[in-house]
Every structure is written in structure tokens, then in C-alpha cells.
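Student: Dropping in my_file_5.cif, which is mmCIF, C-alpha atoms:
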data_start
loop_
_atom_site.label_atom_id
_atom_site.label_comp_id
_atom_site.auth_asym_id
_atom_site.auth_seq_id
_atom_site.Cartn_x
_atom_site.Cartn_y
_atom_site.Cartn_z
CA MET A 1 -242.76 14.40 -188.66
CA HIS A 2 -243.49 13.09 -192.14
CA GLU A 3 -242.08 9.80 -190.82
CA LEU A 4 -245.66 8.84 -189.89
CA SER A 5 -246.93 9.11 -193.46
CA LEU A 6 -243.83 7.36 -194.80
CA MET A 7 -244.31 4.55 -192.28
CA THR A 8 -247.91 4.16 -193.44
CA ASN A 9 -246.53 3.51 -196.94
CA LEU A 10 -243.89 1.06 -195.68
CA LEU A 11 -246.47 -0.90 -193.66
CA ALA A 12 -248.74 -1.08 -196.72
CA GLU A 13 -245.86 -2.42 -198.83
CA ALA A 14 -245.01 -4.93 -196.10
CA ALA A 15 -248.61 -6.14 -195.85
CA ALA A 16 -248.82 -6.56 -199.63
CA ALA A 17 -245.59 -8.58 -199.67
CA ALA A 18 -246.74 -10.74 -196.74
CA ASP A 19 -249.87 -11.69 -198.69
CA GLY A 20 -251.98 -12.43 -195.64
CA ALA A 21 -249.21 -13.89 -193.45
CA PRO A 22 -248.26 -12.29 -190.14
CA ILE A 23 -245.00 -10.35 -190.38
CA CYS A 24 -242.19 -11.31 -187.99
CA ALA A 25 -239.69 -8.64 -189.03
CA LEU A 26 -239.19 -5.71 -191.40
CA ARG A 27 -235.83 -4.59 -192.72
CA VAL A 28 -235.60 -0.97 -193.82
CA ARG A 29 -232.72 0.91 -195.43
CA VAL A 30 -232.31 4.60 -194.58
CA GLY A 31 -229.79 6.99 -196.09
CA PRO A 32 -228.63 10.28 -194.58
CA LEU A 33 -230.15 12.25 -197.48
CA SER A 34 -233.55 10.59 -197.13
CA GLY A 35 -234.69 13.41 -194.89
CA VAL A 36 -235.98 11.10 -192.18
CA VAL A 37 -234.82 10.66 -188.62
CA VAL A 38 -234.31 7.01 -187.69
CA ASP A 39 -235.64 7.48 -184.14
CA ALA A 40 -238.75 9.15 -185.51
CA LEU A 41 -239.16 6.26 -187.94
CA ARG A 42 -238.93 3.76 -185.07
CA PHE A 43 -241.48 5.76 -183.13
CA ALA A 44 -243.77 5.79 -186.17
CA PHE A 45 -243.43 2.01 -186.44
CA GLU A 46 -244.34 1.48 -182.78
CA ALA A 47 -247.31 3.82 -183.19
CA LEU A 48 -248.67 2.45 -186.45
CA ALA A 49 -247.82 -1.29 -186.54
CA PRO A 50 -250.50 -2.43 -184.01
CA GLY A 51 -253.60 -3.51 -185.92
CA THR A 52 -251.59 -4.34 -189.05
CA PRO A 53 -249.97 -7.66 -190.07
CA ALA A 54 -246.73 -6.16 -188.72
CA ALA A 55 -248.04 -5.90 -185.14
CA GLY A 56 -245.31 -7.08 -182.77
CA ALA A 57 -242.76 -7.45 -185.57
CA ARG A 58 -239.07 -6.65 -185.19
CA PHE A 59 -238.06 -3.44 -186.94
CA ASP A 60 -234.51 -3.53 -188.31
CA VAL A 61 -232.93 -0.40 -189.72
CA GLU A 62 -229.88 -0.51 -191.96
CA GLU A 63 -228.29 2.95 -192.14
CA THR A 64 -226.31 3.64 -195.29
CA ALA A 65 -223.51 6.08 -195.91
CA LEU A 66 -223.60 9.08 -198.23
CA VAL A 67 -221.42 8.11 -201.20
CA PHE A 68 -220.41 10.22 -204.18
CA HIS A 69 -218.45 9.50 -207.32
CA CYS A 70 -216.17 12.31 -208.48
CA PRO A 71 -216.44 12.77 -212.27
CA ARG A 72 -213.15 14.69 -212.33
CA CYS A 73 -210.70 12.40 -210.54
CA GLY A 74 -212.77 9.21 -210.46
CA ALA A 75 -212.71 8.81 -206.68
CA ASP A 76 -215.62 7.32 -204.75
CA TYR A 77 -215.93 9.02 -201.39
CA GLU A 78 -218.10 9.05 -198.28
CA THR A 79 -219.01 12.38 -196.82
CA PRO A 80 -221.41 13.87 -194.25
CA VAL A 81 -224.60 15.64 -195.40
CA GLY A 82 -223.89 19.26 -196.24
CA ALA A 83 -220.27 18.76 -197.34
CA TYR A 84 -220.10 17.31 -200.83
CA GLN A 85 -216.66 18.27 -202.14
CA CYS A 86 -214.36 15.53 -203.32
CA PRO A 87 -211.63 15.13 -200.68
CA GLY A 88 -209.15 14.24 -203.42
CA CYS A 89 -209.49 17.08 -205.90
CA GLY A 90 -212.00 19.46 -204.31
CA ALA A 91 -214.58 19.19 -207.10
CA ALA A 92 -218.11 20.01 -205.93
CA ASP A 93 -220.07 18.23 -208.65
CA GLY A 94 -219.90 14.65 -207.37
CA GLU A 95 -222.55 12.22 -208.58
CA LEU A 96 -224.68 10.73 -205.84
CA ARG A 97 -224.12 6.97 -205.64
CA GLY A 98 -225.94 6.21 -202.42
CA GLY A 99 -227.41 7.81 -199.33
CA ASN A 100 -230.92 8.91 -200.26
CA GLU A 101 -232.55 5.52 -199.70
CA LEU A 102 -235.74 5.07 -197.75
CA GLU A 103 -236.92 1.63 -198.67
CA LEU A 104 -238.33 -1.60 -197.37
CA ILE A 105 -235.70 -4.18 -198.28
CA SER A 106 -237.38 -7.35 -197.03
CA ILE A 107 -239.77 -8.86 -194.54
CA GLU A 108 -239.71 -12.10 -192.59
CA VAL A 109 -242.80 -14.29 -192.44
CA PRO A 110 -243.35 -17.70 -190.76
CA ASP A 111 -242.03 -20.55 -192.87
CA HIS A 112 -244.82 -23.11 -193.12
CA VAL A 113 -243.18 -25.19 -195.83
CA MET B 1 -209.22 -44.94 -161.59
CA CYS B 2 -212.06 -42.51 -161.37
CA ASP B 3 -211.26 -39.35 -163.26
CA THR B 4 -213.44 -37.21 -161.01
CA CYS B 5 -212.02 -37.83 -157.52
CA GLY B 6 -209.11 -40.19 -157.97
CA CYS B 7 -210.72 -43.09 -156.02
CA ASN B 8 -210.27 -46.64 -157.13
CA ASP B 9 -213.95 -47.40 -157.52
CA PRO B 10 -215.36 -45.46 -160.42
CA HIS B 11 -218.87 -46.80 -159.78
CA ASN B 12 -219.33 -45.82 -156.13
CA HIS B 13 -218.00 -42.30 -155.71
CA PRO B 14 -220.37 -39.55 -154.62
CA HIS B 15 -221.97 -37.73 -157.50
CA ASP B 16 -221.68 -33.98 -157.73
CA HIS B 17 -224.92 -33.70 -159.63
CA ALA B 18 -228.48 -34.61 -158.82
CA GLN B 19 -229.56 -36.41 -161.93
CA PRO B 20 -229.14 -40.13 -162.57
CA HIS B 21 -226.67 -41.13 -165.23
CA ALA B 22 -229.18 -42.08 -167.84
CA HIS B 23 -230.59 -38.61 -168.36
CA GLY B 24 -230.89 -36.66 -171.53
CA HIS B 25 -229.81 -33.07 -171.66
CA ASP B 26 -233.17 -31.70 -172.68
CA HIS B 27 -234.95 -29.16 -170.50
CA ALA B 28 -238.47 -28.41 -169.41
CA HIS B 29 -240.25 -26.27 -172.01
CA GLY B 30 -241.23 -23.08 -170.25
CA HIS B 31 -240.40 -21.06 -173.36
CA ALA B 32 -241.17 -21.20 -177.09
CA HIS B 33 -238.53 -21.75 -179.73
CA PRO B 34 -238.61 -19.03 -182.41
CA PRO B 35 -240.59 -20.42 -185.35
CA PRO B 36 -238.72 -20.89 -188.59
CA VAL B 37 -239.07 -17.85 -190.81
CA ARG B 38 -238.36 -17.09 -194.42
CA THR B 39 -237.27 -13.76 -195.87
CA VAL B 40 -239.38 -12.18 -198.59
CA PRO B 41 -237.48 -9.57 -200.63
CA VAL B 42 -239.48 -6.37 -201.19
CA GLN B 43 -237.17 -3.53 -202.36
CA LYS B 44 -239.82 -0.80 -202.41
CA SER B 45 -239.25 2.85 -201.66
CA ALA B 46 -241.50 4.49 -199.08
CA LEU B 47 -241.90 7.28 -201.63
CA GLU B 48 -242.78 5.02 -204.54
CA LEU B 49 -246.45 6.04 -204.75
CA ASN B 50 -245.56 9.73 -204.45
CA GLN B 51 -242.92 9.32 -207.15
CA ARG B 52 -245.43 7.69 -209.49
CA LEU B 53 -247.92 10.52 -208.96
CA ALA B 54 -245.18 13.14 -209.32
CA ASP B 55 -244.16 11.62 -212.64
CA GLN B 56 -247.80 11.74 -213.73
CA ASN B 57 -248.02 15.40 -212.70
CA ARG B 58 -244.80 16.13 -214.58
CA GLY B 59 -246.14 14.52 -217.76
CA TRP B 60 -249.38 16.45 -217.43
CA PHE B 61 -247.53 19.76 -216.89
CA ARG B 62 -245.46 19.09 -219.98
CA ALA B 63 -248.51 18.26 -222.07
CA LYS B 64 -250.17 21.52 -220.97
CA GLY B 65 -247.03 23.58 -221.61
CA LEU B 66 -246.83 24.56 -217.94
CA LYS B 67 -243.51 25.41 -216.31
CA VAL B 68 -243.81 24.51 -212.64
CA PHE B 69 -241.77 25.82 -209.71
CA ASN B 70 -241.78 24.32 -206.20
CA LEU B 71 -241.04 27.03 -203.62
CA LEU B 72 -239.62 25.79 -200.33
CA SER B 73 -238.57 27.62 -197.18
CA SER B 74 -239.19 27.97 -193.48
CA PRO B 75 -242.36 29.81 -192.40
CA GLY B 76 -242.11 33.56 -192.75
CA SER B 77 -239.21 33.77 -195.17
CA GLY B 78 -241.25 35.64 -197.75
CA LYS B 79 -242.68 33.09 -200.20
CA THR B 80 -246.10 34.72 -200.40
CA ALA B 81 -244.75 38.28 -200.63
CA LEU B 82 -242.46 37.19 -203.45
CA LEU B 83 -245.36 35.53 -205.27
CA GLU B 84 -247.60 38.60 -204.83
CA ARG B 85 -245.10 40.60 -206.88
CA THR B 86 -244.24 37.77 -209.23
CA LEU B 87 -247.85 37.02 -210.19
CA ARG B 88 -248.31 40.69 -211.09
CA ALA B 89 -245.12 40.76 -213.16
CA VAL B 90 -245.20 37.39 -214.90
CA PRO B 91 -248.05 36.98 -217.38
CA ARG B 92 -250.16 33.80 -217.51
CA ALA B 93 -249.02 32.59 -214.08
CA ALA B 94 -250.98 30.93 -211.27
CA ALA B 95 -250.24 29.53 -207.83
CA ILE B 96 -251.06 26.60 -205.59
CA VAL B 97 -250.31 27.27 -201.95
CA GLY B 98 -250.09 24.87 -199.02
CA ASP B 99 -250.66 25.68 -195.36
CA LEU B 100 -251.79 23.73 -192.32
CA GLN B 101 -254.75 26.07 -191.89
CA THR B 102 -256.54 29.07 -193.50
CA GLU B 103 -257.12 30.35 -197.02
CA ASN B 104 -255.19 33.53 -196.16
CA ASP B 105 -252.32 33.04 -198.57
CA ALA B 106 -254.54 32.11 -201.52
CA ASP B 107 -256.67 35.20 -200.76
CA ARG B 108 -253.53 37.39 -200.83
CA LEU B 109 -252.43 35.85 -204.13
CA ARG B 110 -255.89 36.12 -205.75
CA ALA B 111 -255.81 39.84 -205.02
CA THR B 112 -253.13 40.06 -207.73
CA GLY B 113 -255.75 38.96 -210.27
CA ALA B 114 -254.12 35.58 -210.80
CA GLN B 115 -255.67 32.21 -210.02
CA ALA B 116 -254.63 30.71 -206.70
CA VAL B 117 -255.70 27.42 -205.13
CA GLN B 118 -255.22 26.84 -201.41
CA ILE B 119 -254.35 23.37 -200.12
CA VAL B 120 -255.19 23.11 -196.42
CA THR B 121 -253.12 20.20 -195.19
CA GLY B 122 -254.52 19.98 -191.66
CA ALA B 123 -251.79 18.24 -189.70
CA THR B 124 -249.57 17.39 -192.65
CA CYS B 125 -246.24 19.18 -192.71
CA HIS B 126 -245.60 19.08 -196.47
CA LEU B 127 -247.31 18.92 -199.84
CA ASP B 128 -247.23 15.67 -201.76
CA ALA B 129 -247.88 14.88 -205.42
CA HIS B 130 -251.36 13.55 -204.66
CA MET B 131 -252.50 16.82 -203.02
CA VAL B 132 -251.12 18.79 -205.94
CA ALA B 133 -252.93 16.57 -208.46
CA HIS B 134 -256.23 17.34 -206.72
CA ALA B 135 -255.49 21.06 -206.52
CA LEU B 136 -254.94 21.03 -210.28
CA GLU B 137 -258.60 20.01 -210.70
CA LYS B 138 -259.57 23.44 -209.34
CA LEU B 139 -257.30 25.34 -211.72
CA ASP B 140 -258.19 26.53 -215.21
CA VAL B 141 -254.88 25.85 -216.92
CA ALA B 142 -255.95 26.93 -220.42
CA GLY B 143 -253.53 29.65 -221.48
CA LEU B 144 -251.34 29.33 -218.38
CA GLY B 145 -247.56 29.33 -218.82
CA ALA B 146 -246.20 29.16 -215.27
CA LEU B 147 -247.39 27.57 -212.06
CA PHE B 148 -245.88 28.29 -208.66
CA ILE B 149 -246.39 25.78 -205.87
CA GLU B 150 -245.81 27.44 -202.52
CA ASN B 151 -245.03 24.54 -200.23
CA VAL B 152 -245.85 24.37 -196.52
CA GLY B 153 -243.36 26.50 -194.60
CA ASN B 154 -240.95 23.84 -193.36
CA LEU B 155 -237.29 23.17 -194.11
CA VAL B 156 -237.44 19.45 -193.34
CA CYS B 157 -240.32 17.34 -194.61
CA PRO B 158 -241.09 18.93 -198.02
CA ALA B 159 -237.57 18.01 -199.15
CA SER B 160 -238.59 14.35 -199.54
CA TYR B 161 -241.55 14.92 -201.86
CA ASP B 162 -241.26 15.42 -205.59
CA LEU B 163 -244.39 17.22 -206.77
CA GLY B 164 -243.63 16.94 -210.47
CA GLU B 165 -242.06 20.40 -210.65
CA ALA B 166 -239.51 21.45 -213.25
CA LYS B 167 -237.45 23.49 -210.79
CA ARG B 168 -236.96 23.70 -207.04
CA VAL B 169 -236.51 27.11 -205.48
CA VAL B 170 -235.40 27.37 -201.85
CA LEU B 171 -235.76 30.73 -200.07
CA LEU B 172 -233.52 31.94 -197.27
CA SER B 173 -234.38 35.32 -195.72
CA VAL B 174 -231.67 37.52 -194.25
CA THR B 175 -233.48 37.48 -190.89
CA GLU B 176 -233.07 33.72 -190.46
CA GLY B 177 -229.35 33.35 -189.79
CA GLU B 178 -226.56 32.74 -192.26
CA ASP B 179 -225.94 29.15 -191.21
CA LYS B 180 -229.45 27.87 -191.86
CA PRO B 181 -228.32 25.94 -194.97
CA LEU B 182 -225.80 24.11 -192.79
CA LYS B 183 -228.51 23.26 -190.26
CA TYR B 184 -231.01 22.03 -192.88
CA PRO B 185 -228.71 20.74 -195.63
CA VAL B 186 -231.03 18.12 -197.14
CA ILE B 187 -233.55 20.61 -198.51
CA PHE B 188 -230.84 22.82 -199.99
CA ARG B 189 -229.07 20.02 -201.82
CA ASN B 190 -231.62 19.63 -204.60
CA ALA B 191 -232.27 23.34 -205.09
CA ASP B 192 -232.02 24.65 -208.63
CA LEU B 193 -232.13 28.19 -207.30
CA VAL B 194 -231.59 29.65 -203.84
CA LEU B 195 -233.22 33.03 -203.33
CA VAL B 196 -231.84 35.19 -200.54
CA THR B 197 -234.92 37.25 -199.62
CA LYS B 198 -235.67 40.44 -197.63
CA ILE B 199 -232.30 41.94 -198.53
CA ASP B 200 -233.75 45.37 -197.70
CA LEU B 201 -233.44 44.23 -194.05
CA ALA B 202 -229.84 43.01 -194.36
CA ALA B 203 -228.21 46.02 -192.70
CA ALA B 204 -230.81 46.21 -189.91
CA VAL B 205 -230.19 42.60 -188.86
CA GLY B 206 -226.43 42.62 -189.42
CA PHE B 207 -226.66 40.00 -192.17
CA ASP B 208 -223.25 38.49 -193.00
CA ARG B 209 -223.68 38.09 -196.75
CA GLU B 210 -220.41 36.27 -197.46
CA LYS B 211 -221.02 33.74 -194.71
CA ALA B 212 -224.53 33.04 -196.01
CA LEU B 213 -223.38 32.66 -199.62
CA ALA B 214 -220.61 30.28 -198.55
CA ALA B 215 -223.13 28.16 -196.62
CA ILE B 216 -225.44 28.05 -199.65
CA ARG B 217 -222.61 27.12 -202.04
CA GLN B 218 -221.51 24.34 -199.71
CA THR B 219 -224.94 22.78 -199.27
CA ALA B 220 -226.45 23.54 -202.70
CA PRO B 221 -223.52 23.02 -205.07
CA ARG B 222 -225.57 23.05 -208.27
CA ALA B 223 -227.89 25.93 -207.38
CA GLN B 224 -227.82 29.41 -208.82
CA ILE B 225 -228.08 32.14 -206.16
CA LEU B 226 -230.08 35.37 -206.47
CA GLU B 227 -230.65 38.10 -203.89
CA VAL B 228 -234.01 39.85 -203.83
CA SER B 229 -236.35 42.08 -201.94
CA ALA B 230 -240.06 41.70 -202.61
CA LYS B 231 -240.55 44.99 -200.75
CA THR B 232 -238.23 47.26 -202.73
CA GLY B 233 -238.12 45.16 -205.90
CA ALA B 234 -234.33 44.85 -205.76
CA GLY B 235 -233.07 41.84 -207.72
CA LEU B 236 -236.50 40.87 -209.02
CA ASP B 237 -235.59 41.41 -212.68
CA ALA B 238 -232.94 38.71 -212.36
CA TRP B 239 -235.56 36.43 -210.74
CA TYR B 240 -238.00 37.03 -213.59
CA ALA B 241 -235.23 36.39 -216.13
CA TRP B 242 -234.38 33.12 -214.37
CA LEU B 243 -238.04 32.07 -214.49
CA ALA B 244 -238.18 32.78 -218.22
CA GLY B 245 -234.87 30.99 -218.88
#
Show this structure as C-alpha cells.
Tutor:
Amino acid sequence: MHELSLMTNLLAEAAAAADGAPICALRVRVGPLSGVVVDALRFAFEALAPGTPAAGARFDVEETALVFHCPRCGADYETPVGAYQCPGCGAADGELRGGNELELISIEVPDHV
Amino acid sequence: MCDTCGCNDPHNHPHDHAQPHAHGHDHAHGHAHPPPVRTVPVQKSALELNQRLADQNRGWFRAKGLKVFNLLSSPGSGKTALLERTLRAVPRAAAIVGDLQTENDADRLRATGAQAVQIVTGATCHLDAHMVAHALEKLDVAGLGALFIENVGNLVCPASYDLGEAKRVVLLSVTEGEDKPLKYPVIFRNADLVLVTKIDLAAAVGFDREKALAAIRQTAPRAQILEVSAKTGAGLDAWYAWLAG
């Protein structure tokens, strides 16, 4: 359940970016290698957002795929966690190209302009 | 002709709606329109602060000439028993050990004569770079060559936290089940070394060695694999050689 401490960090980043404005929505990107469970992250948001500028905000999660680049045959391939071999040539030393993200992409704040 | 009912008097046919003709199509405001919003890009990792502190730790370790190993496993897979032997065998080594409660593990490790600092995490299920930085304040690193960080026994959460270590060691004991790497693949993926521990118990528990090694190779493609017993000492020379390498 380290999702709670990670959510504390995300809410702090969101508050800093909002610069005093209330936050209407947060958009978070989560990869399968991030080690977090999306449902646990949502639970952490519901538990921790009240009392912060993100209270009542929408929480959007964008789940990414695990993507490798094969240095042997040049293929880019998606694969589940725990199975990393290149489906084309069987090489096991693919370079990670995406899938370990756990980041706050953006927030939405009221537009007063 | 009236298009609605076909009568010849378009101005006197019955109306099928209640409102007069000159009405607007607005509606009573019982609800609020969503206010206009603007998107503020952020692009910050939830682990950014930890990563910054881990990089600081790493720089500090390098400056002090300390080689640092992060030991990860489930509870009870033999991290402390391995370190009890290792601290006796490897000169100029010390340990930092994390648990939710008690100083028991640090007490066991201090009995070897080496320095050991306990981090009591309370409710926290992993060590992070900040906790390690504070534990370092309690360590006399002058003359030290190796530092072992025994993480909280947990195969999930510690995987996300870089502590500034040079190498990651994941332990899998023969009593845990051969498919554990398949069940907890994230923590195995970044292992530099996987240690199969308690091999003295392999026969007693019917350990399927080939199945376990296949699961490790699949989930930890870049890891070296060593098989050890902290009880009998089997395989420990290879472990010490790996540490020195």
C-alpha cells in the first residue's frame, strides 16, 4: 500500500502547479511496471484529496502499455509484465521504452481569463 | 396547407405543445453549467523527490568509496541470516535494516561485531531514500567498504524506491514456491542478482530447482543467479566473490 505515500507526492505536485487555485481534475499516467495498483491509487486519492486543493476533483488515470525495443532485430513490442522476450527473435535483452511511468501529467483549474 | 395536420388553415389548428409560438428554447436553470477550465501541464513523477534523494545518496556513497547493496525479499526468506554470515566474512562492512517494528534484526547483526542501524518504519511498507539518508547519520563510515541495506520484507512496494544503491539483490527461498517470481515480477525485473536461499531445505520441501530457475530467468533477464545456504555455508564463496566483483 505504498500508493498512499505516492499519492501524497502527487497531490503536493498538483497543489504546487495549481498555485493557489482549486483543482478541477488531475490526469495521471500509470505504467504496468510502476508497481502500483490503479484501484489502490484511486482509493488513495479519495482518502487523501479532501482538505487539499484537489478536494472533489476528478481523477483521470491513463494506463500505458509495457513497450520494449529489441536491440537485435529492431522490433518494438508490447508485452505483459514478467514476459520480456522479443516475440520476433526471442531475444531477452529488450530496452524498456515505456511502462514504468507513475506521473502527474496535467491538472485542470478554473479558467478566469 | 398546414404541414402538421393537413388542414387548410395553418393558423387555427390545435397545437400539440403547450408553449406559445414566440418562445425561446432556453430552460429553467436548476443546474450549473461546468465552469470553463484550463489545463496546466505538470509532467512530474510521483517518485521525483525520492529519485533526487537517491541520486544524492549515490553520489555520497561514491565519494566515501562505499559499495551499497539493496537486499529485497518477502519476510522470512533469510535476509538477516545471510547478512549475519556475510558481515562476519566480508571485512569493513556494515548494515542498515528496515522493519515495521523492533530493533531485533539490528541487534542480531551487531552481534557479528559490525555496525548496524535499524530503521523502524512504523506503518510504512518499504524503505525510501530519505529514511536511508537519515540512517547514514548514525553510521561511522570511515574505513567502510560495503554497506548492505536490508529492506522491509515485502515483494511489492520496495520495488518502486531507488535508495541510491549500486546493486539490487532479490532473495527467493526454496520454501516460498518456485513461481514466486512470476507472481511478483516487478521486483525481480531490476535485480542485478537473484539469490536462491535456504537450499539446505530444498529436498525437505520438494523444491523444483529447474522450475524456479526458469521463473527467475523469465522475470529477471539481466540478473545473475546464485544458490546459497546461510546455514551450511553452501554457495557463499560465490556470493562473496560477486560482492567483491
Student: If the PyMOL selection byres ((chain B and resi 244) around 12) is run on the structure shown, which residues does it catch, given as a PDB file with C-alpha atoms, keeping the file's coordinate frame?
Tutor:
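Output contents, as saved in expr22.pdb:
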ATOM      1  CA  LEU B  66    -246.830  24.560-217.940  1.00  0.00           C
ATOM      2  CA  LYS B  67    -243.510  25.410-216.310  1.00  0.00           C
ATOM      3  CA  VAL B  68    -243.810  24.510-212.640  1.00  0.00           C
ATOM      4  CA  PHE B  69    -241.770  25.820-209.710  1.00  0.00           C
ATOM      5  CA  THR B  86    -244.240  37.770-209.230  1.00  0.00           C
ATOM      6  CA  ALA B  89    -245.120  40.760-213.160  1.00  0.00           C
ATOM      7  CA  VAL B  90    -245.200  37.390-214.900  1.00  0.00           C
ATOM      8  CA  PRO B  91    -248.050  36.980-217.380  1.00  0.00           C
ATOM      9  CA  ALA B  93    -249.020  32.590-214.080  1.00  0.00           C
ATOM     10  CA  GLY B 145    -247.560  29.330-218.820  1.00  0.00           C
ATOM     11  CA  ALA B 146    -246.200  29.160-215.270  1.00  0.00           C
ATOM     12  CA  LYS B 167    -237.450  23.490-210.790  1.00  0.00           C
ATOM     13  CA  ASP B 237    -235.590  41.410-212.680  1.00  0.00           C
ATOM     14  CA  ALA B 238    -232.940  38.710-212.360  1.00  0.00           C
ATOM     15  CA  TRP B 239    -235.560  36.430-210.740  1.00  0.00           C
ATOM     16  CA  TYR B 240    -238.000  37.030-213.590  1.00  0.00           C
ATOM     17  CA  ALA B 241    -235.230  36.390-216.130  1.00  0.00           C
ATOM     18  CA  TRP B 242    -234.380  33.120-214.370  1.00  0.00           C
ATOM     19  CA  LEU B 243    -238.040  32.070-214.490  1.00  0.00           C
ATOM     20  CA  GLY B 245    -234.870  30.990-218.880  1.00  0.00           C
TER      21      GLY B 245
END
Student: Rank A:Gly98, A:Gly74, A:Pro32, A:Gly90 by their smallest atom-to-atom distance to chain B, using all atoms listed in the file, and report the top residue only.
Tutor: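 Among A:Gly98, A:Gly74, A:Pro32, A:Gly90, it is A:Pro32 that comes nearest to chain B.
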Student: Check what the PyMOL selection byres ((chain B) within 8 of (chain A)) selects in the file above and give those residues as a ChimeraX atom specification.
Tutor: /B:35-47,124-126,156-157,159-160,182,185-186,189,218-219,221-222
Student: Mind giving me the straight-line distance from atom CA of Ala116 of chain B to atom CA of Leu201 of chain B in Å, one decimal?
Tutor: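 Straight-line distance from atom CA of Ala116 of chain B to atom CA of Leu201 of chain B works out to 28.1 Å.
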Student: Give me the residues near segment 230-235 of chain B as a tab-separated table (two decimals) with C-alpha atoms, in the coordinates of the input, where near means some atom within 10 Å (using all atoms listed in the file) and where sequence neighbours in that chain fewer than 6 positions away do not count.
Tutor:
chain	number	residue	atom	x	y	z
B	78	GLY	CA	-241.25	35.64	-197.75
B	79	LYS	CA	-242.68	33.09	-200.20
B	80	THR	CA	-246.10	34.72	-200.40
B	81	ALA	CA	-244.75	38.28	-200.63
B	82	LEU	CA	-242.46	37.19	-203.45
B	83	LEU	CA	-245.36	35.53	-205.27
B	84	GLU	CA	-247.60	38.60	-204.83
B	85	ARG	CA	-245.10	40.60	-206.88
B	86	THR	CA	-244.24	37.77	-209.23
B	195	LEU	CA	-233.22	33.03	-203.33
B	196	VAL	CA	-231.84	35.19	-200.54
B	197	THR	CA	-234.92	37.25	-199.62
B	198	LYS	CA	-235.67	40.44	-197.63
B	199	ILE	CA	-232.30	41.94	-198.53
B	200	ASP	CA	-233.75	45.37	-197.70
B	201	LEU	CA	-233.44	44.23	-194.05
Student: Provide the atom CA of Val169 of chain B to atom CA of Leu71 of chain B distance in Å, to one decimal place.
Tutor: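 Atom CA of Leu71 of chain B lies 4.9 Å from atom CA of Val169 of chain B.
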Student: For a quick check of understanding, using only C-alpha atoms, which of B:Ala191, B:Leu100, B:Leu171, B:Ala135 has the smallest distance to Ala123 of chain B?
Tutor: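 Of all the options, B:Leu100 lies closest to Ala123 of chain B.
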Student: What is the distance, in Å and to one decimal place, between atom CA of Leu109 of chain B and atom CA of Arg92 of chain B?
Tutor: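 Taking atom CA of Leu109 of chain B and atom CA of Arg92 of chain B, their separation equals 13.7 Å.
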